[in-house]
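What follows is a set of notes on a single structure, which appears directly below.
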Amino acid sequence: MSKRNREKRRAAGVQTCRADDGSTFEHREPPYAGVGSVNLTGHDPGIPGKVTPFERWECDGYYGTLRRYEDGLPTLPGGQPYGTGPCAIIGITADSETARHDWRAYQDIKNALVGDEWEAVELYPAESRKVDPSNRFYLFCFPKGVFTFGWGHRNVVAPRDGSAPQRGWLTRGDACPPRP
């Protein structure tokens with residue numbers, strides 16, 4: 001296959017992959033286009049004693065809420081397990097109101113709202129603590145170093161360098177995003 005044809009296939013989201021048994025297959029997935037600018041659009045004062053004040057935000061494909069806490073999360077029974085420092089909760093809903101869930105989009109939203117060096121988790125709780133009123137997802141965000149689990153290094157590869165299917169980045173060509 002010519003270099004020109006390989007480039008056309010990559011731009012179309014086609015990747016040739018090798019299966020565990022050694023055979024090859026084509027993986028088709030459009031490149032990630034990004035979420036554009038994440039903009040704060042308003043402030044809601046909340047309801048004293050019931051709903052924490054929050055900011056509203058929106059970007060291409062998503063909208064939601066941002067709640068910031070300077071002294072830990074006040075709403076958890078038994079106190080905040082990660083100390084009393086700053087944290088945030090980002091609520092994310094797709095514009096389509098569907099359960100669309102794109103890890104790269106959530107990472108970009110998290111970076112824009114709380115910072116590149118903050119970390120976030122999405123909790124899959126005990127059934128007794130489940131909150132599922134709509135197609136909204138929540139990221140619980142803390143400064144880097146609060147979590148004692150996860151990877152200790154960065155490893156982001158372009159589709160042509162991956163060992164499994166990996167989509168490209170439309171806004172960055174077929175290259176890996178730069179290291180911050």
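The way I read the labels, and the way they are meant: chains A, B, ... in the order of the structure tokens, residue 1 as the first residue of every chain, and ligand 1 as the first ligand shown, with later ones counted on from there.
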
**OP:** List the neighbours of Ala112 of chain A out to 8 Å using only C-alpha atoms; skip same-chain residues closer than 4 positions along the sequence, and give me the result as JSON, numbers by chain.
**Re:** {"A": [38, 108, 116]}

**OP:** Can you work out the spacing between atom CA of Ala164 of chain A and atom CA of Arg100 of chain A in Å, to one decimal?
**Re:**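 Spanning atom CA of Ala164 of chain A to atom CA of Arg100 of chain A is a straight-line distance of 22.2 Å.
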
Original post:
Expressed in Å to a single decimal, how great is the separation between atom CA of Tyr106 of chain A and atom CA of Pro86 of chain A?
Top reply: 20.0 Å

**OP:** Could you give me, as a list in words, each residue of segment 48-77 of chain A that DSSP assigns to strand (DSSP E or B) when run on this structure's backbone?
**Re:**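 Taking segment 48-77 of chain A and keeping strand (DSSP E or B) gives Val51, Phe54, Glu55, Arg56, Trp57, Glu58, Cys59, Tyr62, Tyr63, Gly64, Thr65, Leu66, Arg67, Arg68 and Tyr69 of chain A.
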
Could you write out that same residue set with C-alpha atoms as an mmCIF file, in the first residue's frame?
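And here is the file that came out, selection-v1.cif:
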```cif
data_model
loop_
_atom_site.group_PDB
_atom_site.id
_atom_site.type_symbol
_atom_site.label_atom_id
_atom_site.label_comp_id
_atom_site.auth_asym_id
_atom_site.auth_seq_id
_atom_site.Cartn_x
_atom_site.Cartn_y
_atom_site.Cartn_z
ATOM 1 C CA VAL A 51 -27.977 22.265 46.873
ATOM 2 C CA PHE A 54 -22.551 25.822 41.082
ATOM 3 C CA GLU A 55 -21.360 27.161 37.755
ATOM 4 C CA ARG A 56 -22.889 26.147 34.437
ATOM 5 C CA TRP A 57 -20.608 25.361 31.478
ATOM 6 C CA GLU A 58 -20.886 24.237 27.848
ATOM 7 C CA CYS A 59 -18.724 23.143 24.931
ATOM 8 C CA TYR A 62 -21.645 18.647 26.097
ATOM 9 C CA TYR A 63 -22.924 20.888 28.893
ATOM 10 C CA GLY A 64 -23.019 20.599 32.649
ATOM 11 C CA THR A 65 -22.221 21.897 36.097
ATOM 12 C CA LEU A 66 -19.107 22.635 38.124
ATOM 13 C CA ARG A 67 -19.198 22.615 41.925
ATOM 14 C CA ARG A 68 -16.021 23.730 43.718
ATOM 15 C CA TYR A 69 -15.224 23.011 47.356
#
```

Subject >> Separation of atom CA of Gly72 of chain A from atom CA of Ala88 of chain A in Å >> reply: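 So the two atoms, atom CA of Ala88 of chain A and atom CA of Gly72 of chain A, lie 8.5 Å apart.
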
Subject >> Shortest interatomic distance to Ala94 of chain A - which of A:Val131, A:Glu119, A:Leu73, A:Phe137, counting only C-alpha atoms >> reply: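 That would be A:Phe137, the residue with the smallest distance to Ala94 of chain A.
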
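Among the residues of segment 7-114 of chain A, backbone DSSP assigns helix (DSSP H, G or I) to Glu7, Lys8, Arg9, Arg10, Ala11, Trp103, Arg104, Ala105, Tyr106, Gln107, Asp108, Ile109, Lys110, Asn111, Ala112, Leu113 and Val114 of chain A.
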
Now that the selection is made, can you save its residues with C-alpha atoms as a JSON list (two decimals), in the first residue's frame?
```
[["chain", "number", "residue", "atom", "x", "y", "z"],
["A", 7, "GLU", "CA", -2.53, 8.53, 4.98],
["A", 8, "LYS", "CA", -6.01, 8.56, 3.39],
["A", 9, "ARG", "CA", -7.04, 5.50, 5.42],
["A", 10, "ARG", "CA", -5.74, 7.06, 8.66],
["A", 11, "ALA", "CA", -7.63, 10.30, 7.95],
["A", 103, "TRP", "CA", -13.12, 9.43, 27.76],
["A", 104, "ARG", "CA", -11.07, 11.92, 25.72],
["A", 105, "ALA", "CA", -13.88, 14.50, 25.81],
["A", 106, "TYR", "CA", -14.22, 14.08, 29.58],
["A", 107, "GLN", "CA", -10.45, 14.49, 29.98],
["A", 108, "ASP", "CA", -10.53, 17.72, 27.92],
["A", 109, "ILE", "CA", -13.49, 19.04, 29.93],
["A", 110, "LYS", "CA", -11.75, 18.20, 33.23],
["A", 111, "ASN", "CA", -8.55, 19.94, 32.08],
["A", 112, "ALA", "CA", -10.43, 23.07, 31.01],
["A", 113, "LEU", "CA", -12.50, 23.38, 34.20],
["A", 114, "VAL", "CA", -10.10, 22.38, 37.00]]
```
